[in-house]
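Structure first, then comments.
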There are 2 protein chains.
Amino acid sequence: MGVIVQKFGGSCIVDAQALKNAAKIITGEYEKGNGVVAVVSAQGDTTDKLISVAREISEKPPKRELDVLMSAGEQLAVSLLAMAVSELGFPCVTLLGWQAGIITNSVFGHARIRDIDPDRIKKELSKKKIVLVAGFQGVDRKNNMTTLGRGGSDTTAVSLAAALNAEKCQIYSKIDGIYTADPLTVPEAVKLPEIDYDCMQELSFLGVKVLNPRAVELAKKYGVVIEVKSAFHSERPGTFVKEDAKMEKMLISGVTKMSNVARLSVCELNDAPGGAYGIFDILNKHDIQADIITQSTGKNGNVDVSFCVSGDDADEAAEVLKKSGNYDENNVLCDKNVAKISVVGVGMESHPGVGIAIFEALSKSDINIIMITSSELRFSVIVKKDDADKAVAAIHAQFRMY
Amino acid sequence: MGVIVQKFGGSCIVDAQALKNAAKIITGEYEKGNGVVAVVSAQGDTTDKLISVAREISEKPPKRELDVLMSAGEQLAVSLLAMAVSELGFPCVTLLGWQAGIITNSVFGHARIRDIDPDRIKKELSKKKIVLVAGFQGVDRKNNMTTLGRGGSDTTAVSLAAALNAEKCQIYSKIDGIYTADPLTVPEAVKLPEIDYDCMQELSFLGVKVLNPRAVELAKKYGVVIEVKSAFHSERPGTFVKEDAKMEKMLISGVTKMSNVARLSVCELNDAPGGAYGIFDILNKHDIQADIITQSTGKNGNVDVSFCVSGDDADEAAEVLKKSGNYDENNVLCDKNVAKISVVGVGMESHPGVGIAIFEALSKSDINIIMITSSELRFSVIVKKDDADKAVAAIHAQFRMY
């Protein structure tokens with residue numbers, strides 16, 4: 001008997017109707033004679049709602065207790081899904097993170113899986129039960145509950161697929177695959193039949209939400225083949241994420257947009273060693289990650305350092321820099337009215353044509369580029385937020401010509 | 001350092017404001033130098049809402065999974081309370097049933113506590129932390145989550161008080177004590193300063209919801225003194241429930257009303273051995289409890305058996321009796337339009353005056369009695385639902401004269 005791991009995102013289980021639909025997909029695999037382990041996220045916007053309830057009580061709730069609160073979301077979802085599966089007449093059992101043997105470190109809110117003890121899951125599978133696992137959550141060595149951070153249910157699913165040596169790991173959402181751009185913004189976007197782990201990880205980092213980048217990293221490490229599918233059109237072929245993906249003749253895998261981003265600048269630094277270090281040391285101490293770091297050339301003894309952070313971290317980043325006392329408050333600037341547009345593909349830096357194509361597309365569309373960065377797998381530009389969708393469409397069209 | 005166990009009912013933590021109020025009560029005891037363990041129920045009507053969500057998916061959800069769903073209610077409440085306590089600047093930690101060492105049997109939905117392993121709680125107390133425990137839930141020996149049934153958080157609190165050898169066990173709700181009748185119906189009702197375990201248990205069984213009867217039973221077994229107090233007027237003295245309560249000169253402790261009740265009758269049974277056994281054997285197999293069982297005298301070879309069940313069980317009871325094939329469907333009657341009025345006190349049967357006083361009160365108020373039962377601790381009558389409040393007031397007034 002082969003084992004199939006399925007993961008259902010919040011949009012696939014948002015209400016009774018959706019839960020029944022998910023139950024049909026699960027029991028369909030079970031009827032083929034497979035052992036089925038289904039991992040679920042919290043329903044719809046449950047997680048956001050719980051966070052806002054917490055904020056009513058405390059601006060900075062203790063992270064350990066926030067994890068207790070948040071993990072209730074998946075607990076509710078998994079028990080309701082069990083009722084839907086049971087209603088179809090199939091044997092099933094739910095397991096929460098601590099019951100499923102998901103052992104993590106103790107970094108509340110962003111815990112990492114350290115070990116999987118699959119004994120209980122295997123025992124339930126051997127009793128021919130469908131096993132439903134609450135995603136996103138685990139337990140540390142001291143029996144405290146932890147959560148894995150946003151998108152953590154993908155990580156749960158891939159980790160279980162690895163631990164159980166599963167045949168397949170299907171990620172169900174309302175999206176039926178990985179596209180070359182968001183089909184809602186760019187109707188010409190094409191679904192990729194296959195994509196390799198590295199490109200998928202870049203796409204995930206750069207705004208494709210259907211799959212969490214850490215989950216892709218784990219899948220690569222353990223050779224887990226992921227299939228991204230729509231729960232509402234499960235008959236449609238999805239996108240396979242795997243090592244030896246046939247990337248076809250296409251140079252690029254996708255064009256992404258990330259709107260929840262801000263550009264910060266620290267101006268008029270002395271052009272002396274340690275200037276950038278001082279800034280990023282402060283940010284690091286507050287657990288704020290920066291990228292697209294640029295430094296202006298110092299002509300008159302001063303330099304400006306600019307970088308991007310997540311929109312969630314923007315205010316805090318500006319505040320801690322100002323409060324550090326190292327910089328004049330007027331020299332710390334924060335612009336949230338920006339978006340990051342990225343092109344992902346293999347061998348970007350070795351094809352100089354990529355940058356030119358992007359610049360040409362944006363120039364023809366009269367879009368100003370604020371910042372630029374590139375790596376072997378991606379090419380990103382920062383533009384004004386209002387220009388973002390136009391930029392994605394223009395770049396996508398430009399690459400269609402290749 | 002003494003340990004105080006406090007329990008906060010759903011009405012005391014219904015929103016952010018209420019949670020902050022509860023946090024003040026908790027930290028007030030902590031500031032006096034006590035070790036504080038606070039047990040919480042789910043907020044407001046959370047439990048009812050969760051049940052109705054489950055019903056959208058399945059008429060009869062698996063009991064194990066219903067427990068997973070329901071226990072999320074206390075999990076949400078306890079984490080939010082922790083945030084409120086933490087916001088006041090006090091160290092605290094939450095423990096769910098399985099973390100707090102609440103070991104139960106495996107009767108999902110109505111589990112009984114088999115053992116308490118207080119190691120983790122003691123460890124956290126020794127670190128000077130306020131310990132917040134999710135009530136109503138536990139874990140069986142196989143690591144499945146269980147719930148203790150309605151009012152289970154009271155049982156959690158009393159069990160913890162016993163296991164920790166606590167100085168006090170305070171039960172906070174919106175009610176400031178135990179009254180001789182519901183003060184909303186009977187303005188003349190008097191708050192009891194003290195009441196003994198047996199009378200309190202009868203009152204709880206017969207409709208006084210502020211304290212769960214199983215919790216009172218446990219408190220008696222382990223000699224735990226319970227203090228019933230209002231969370232919104234915590235300065236007011238409450239009611240102590242204890243063994244050697246000074247019951248004052250009052251004959252009765254209280255008059256109660258229970259509206260969620262139904263009267264069933266099975267008519268025209270043969271007047272032969274086994275008639276009543278047949279009925280209650282069927283009910284027992286469906287886990288339905290009956291009381292106030294009466295049997296009419298058989299004159300012409302037939303007898304009628306009547307009894308009361310909880311309003312929740314009424315339809316199922318009628319259905320299983322009809323479907324048993326043992327009785328003509330027209331002979332199984334169900335009347336939900338009734339209420340149970342009870343008088344609780346010590347030595348009821350040894351005071352014949354009690355029954356007479358009740359009959360006199362009801363007669364003068366023109367209220368018809370449908371059924372009667374009595375024991376050493378209580379005297380109950382079934383009346384029409386519309387007559388219930390009038391009956392409570394009349395009986396309460398009658399006993400004020402004694």
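By order of appearance in the structure tokens: chains A, B, ..., then residues from 1 within every chain, and ligands from 1 in the order shown.
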
Those of stretch 45-265 of chain A in DSSP alpha helix (DSSP H), formatted as a ChimeraX atom specification: /A:46-57,63-87,119-126,152-163,197-205,213-222

Output for the residues just chosen: C-alpha atoms as a PDB file, in the first residue's frame:
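That gives us out.pdb:
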ATOM      1  CA  THR A  46      -9.186  32.288  10.794  1.00  0.00           C
ATOM      2  CA  THR A  47      -5.525  33.012  11.520  1.00  0.00           C
ATOM      3  CA  ASP A  48      -5.910  36.723  10.752  1.00  0.00           C
ATOM      4  CA  LYS A  49      -9.039  36.898  12.898  1.00  0.00           C
ATOM      5  CA  LEU A  50      -7.297  35.250  15.845  1.00  0.00           C
ATOM      6  CA  ILE A  51      -4.404  37.676  15.595  1.00  0.00           C
ATOM      7  CA  SER A  52      -6.776  40.636  15.655  1.00  0.00           C
ATOM      8  CA  VAL A  53      -8.570  39.247  18.732  1.00  0.00           C
ATOM      9  CA  ALA A  54      -5.186  38.948  20.448  1.00  0.00           C
ATOM     10  CA  ARG A  55      -4.328  42.540  19.519  1.00  0.00           C
ATOM     11  CA  GLU A  56      -7.455  43.746  21.318  1.00  0.00           C
ATOM     12  CA  ILE A  57      -5.890  42.467  24.523  1.00  0.00           C
ATOM     13  CA  LYS A  63       4.835  34.505  21.555  1.00  0.00           C
ATOM     14  CA  ARG A  64       4.343  31.194  23.352  1.00  0.00           C
ATOM     15  CA  GLU A  65       0.702  32.041  24.055  1.00  0.00           C
ATOM     16  CA  LEU A  66       0.122  33.412  20.564  1.00  0.00           C
ATOM     17  CA  ASP A  67       1.110  29.956  19.325  1.00  0.00           C
ATOM     18  CA  VAL A  68      -1.429  28.324  21.656  1.00  0.00           C
ATOM     19  CA  LEU A  69      -4.072  30.665  20.249  1.00  0.00           C
ATOM     20  CA  MET A  70      -3.126  30.228  16.593  1.00  0.00           C
ATOM     21  CA  SER A  71      -2.836  26.456  16.687  1.00  0.00           C
ATOM     22  CA  ALA A  72      -6.494  26.284  17.735  1.00  0.00           C
ATOM     23  CA  GLY A  73      -7.316  27.341  14.148  1.00  0.00           C
ATOM     24  CA  GLU A  74      -5.942  24.150  12.616  1.00  0.00           C
ATOM     25  CA  GLN A  75      -7.455  22.150  15.468  1.00  0.00           C
ATOM     26  CA  LEU A  76     -10.926  23.416  14.571  1.00  0.00           C
ATOM     27  CA  ALA A  77     -10.347  22.777  10.861  1.00  0.00           C
ATOM     28  CA  VAL A  78      -9.020  19.249  11.261  1.00  0.00           C
ATOM     29  CA  SER A  79     -11.869  18.122  13.501  1.00  0.00           C
ATOM     30  CA  LEU A  80     -14.478  19.531  11.110  1.00  0.00           C
ATOM     31  CA  LEU A  81     -12.786  17.805   8.159  1.00  0.00           C
ATOM     32  CA  ALA A  82     -12.886  14.550  10.137  1.00  0.00           C
ATOM     33  CA  MET A  83     -16.638  14.979  10.527  1.00  0.00           C
ATOM     34  CA  ALA A  84     -16.994  15.472   6.768  1.00  0.00           C
ATOM     35  CA  VAL A  85     -14.902  12.359   6.014  1.00  0.00           C
ATOM     36  CA  SER A  86     -16.788  10.353   8.598  1.00  0.00           C
ATOM     37  CA  GLU A  87     -20.103  11.531   7.152  1.00  0.00           C
ATOM     38  CA  ASP A 119       4.778   5.915  14.940  1.00  0.00           C
ATOM     39  CA  ARG A 120       1.254   7.034  15.748  1.00  0.00           C
ATOM     40  CA  ILE A 121       0.496   7.914  12.103  1.00  0.00           C
ATOM     41  CA  LYS A 122       1.819   4.556  10.915  1.00  0.00           C
ATOM     42  CA  LYS A 123      -0.209   2.765  13.573  1.00  0.00           C
ATOM     43  CA  GLU A 124      -3.415   4.500  12.473  1.00  0.00           C
ATOM     44  CA  LEU A 125      -2.645   3.844   8.774  1.00  0.00           C
ATOM     45  CA  SER A 126      -2.127   0.160   9.567  1.00  0.00           C
ATOM     46  CA  GLY A 152       3.724  26.173   7.806  1.00  0.00           C
ATOM     47  CA  SER A 153       1.155  23.583   6.760  1.00  0.00           C
ATOM     48  CA  ASP A 154       3.062  23.086   3.499  1.00  0.00           C
ATOM     49  CA  THR A 155       6.131  22.310   5.579  1.00  0.00           C
ATOM     50  CA  THR A 156       4.127  19.857   7.711  1.00  0.00           C
ATOM     51  CA  ALA A 157       2.916  18.066   4.575  1.00  0.00           C
ATOM     52  CA  VAL A 158       6.347  17.798   2.930  1.00  0.00           C
ATOM     53  CA  SER A 159       7.981  16.684   6.201  1.00  0.00           C
ATOM     54  CA  LEU A 160       5.381  13.966   6.683  1.00  0.00           C
ATOM     55  CA  ALA A 161       5.746  12.874   3.051  1.00  0.00           C
ATOM     56  CA  ALA A 162       9.491  12.493   3.648  1.00  0.00           C
ATOM     57  CA  ALA A 163       9.082  10.707   7.002  1.00  0.00           C
ATOM     58  CA  TYR A 197      12.896  23.037  -6.834  1.00  0.00           C
ATOM     59  CA  ASP A 198      15.248  26.011  -7.154  1.00  0.00           C
ATOM     60  CA  CYS A 199      13.023  28.035  -9.446  1.00  0.00           C
ATOM     61  CA  MET A 200       9.966  27.154  -7.364  1.00  0.00           C
ATOM     62  CA  GLN A 201      11.721  28.294  -4.218  1.00  0.00           C
ATOM     63  CA  GLU A 202      12.581  31.641  -5.803  1.00  0.00           C
ATOM     64  CA  LEU A 203       8.998  32.087  -7.006  1.00  0.00           C
ATOM     65  CA  SER A 204       7.748  31.335  -3.484  1.00  0.00           C
ATOM     66  CA  PHE A 205      10.174  33.804  -1.930  1.00  0.00           C
ATOM     67  CA  PRO A 213       9.617  28.373   0.241  1.00  0.00           C
ATOM     68  CA  ARG A 214      10.742  26.375   3.299  1.00  0.00           C
ATOM     69  CA  ALA A 215       8.512  23.511   2.186  1.00  0.00           C
ATOM     70  CA  VAL A 216      10.163  23.589  -1.254  1.00  0.00           C
ATOM     71  CA  GLU A 217      13.589  23.585   0.386  1.00  0.00           C
ATOM     72  CA  LEU A 218      12.642  20.501   2.413  1.00  0.00           C
ATOM     73  CA  ALA A 219      11.144  18.795  -0.639  1.00  0.00           C
ATOM     74  CA  LYS A 220      14.447  19.300  -2.466  1.00  0.00           C
ATOM     75  CA  LYS A 221      16.429  17.977   0.483  1.00  0.00           C
ATOM     76  CA  TYR A 222      14.380  14.788   0.754  1.00  0.00           C
TER      77      TYR A 222
END

Residues flagged strand (DSSP E) by DSSP in stretch 200-400 of chain B, as number ranges by chain: B: 226-230, 239-241, 252-258, 261-270, 290-295, 302-310, 332-335, 338-345, 371-374, 378-384

Nearest-residue call for chain A, choices B:Ser380, B:Ser234, B:Ser58, B:Asn326, using only C-alpha atoms: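 Closest to chain A of all the choices is B:Ser58.
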
Skip B:Gly2 itself and residues of its chain fewer than 2 positions away, then list as a PDB file with C-alpha atoms, in the first residue's frame all residues within 10 Å of it, counting only C-alpha atoms.
ATOM      1  CA  ILE B   4      -5.188  29.122  45.258  1.00  0.00           C
ATOM      2  CA  GLY B  33       2.199  35.975  47.672  1.00  0.00           C
ATOM      3  CA  ASN B  34       0.041  33.025  46.681  1.00  0.00           C
ATOM      4  CA  GLY B  35       0.681  30.463  44.002  1.00  0.00           C
ATOM      5  CA  VAL B  36      -2.226  30.896  41.583  1.00  0.00           C
ATOM      6  CA  LEU B 164      -2.270  20.556  44.654  1.00  0.00           C
ATOM      7  CA  ASN B 165      -3.629  20.538  48.196  1.00  0.00           C
ATOM      8  CA  ALA B 166      -4.841  24.084  47.540  1.00  0.00           C
ATOM      9  CA  GLU B 167      -5.960  26.447  50.273  1.00  0.00           C
ATOM     10  CA  LYS B 168      -8.999  27.652  48.347  1.00  0.00           C
TER      11      LYS B 168
END

For atom CA of B:Ile113 and atom CA of B:Lys142, the interatomic separation in Å (one decimal): 14.2 Å

Contacts of B:Gly101 at 9 Å (only C-alpha atoms; same-chain gap of 5+ positions) as a ChimeraX atom specification: /B:96,115-121,138-139
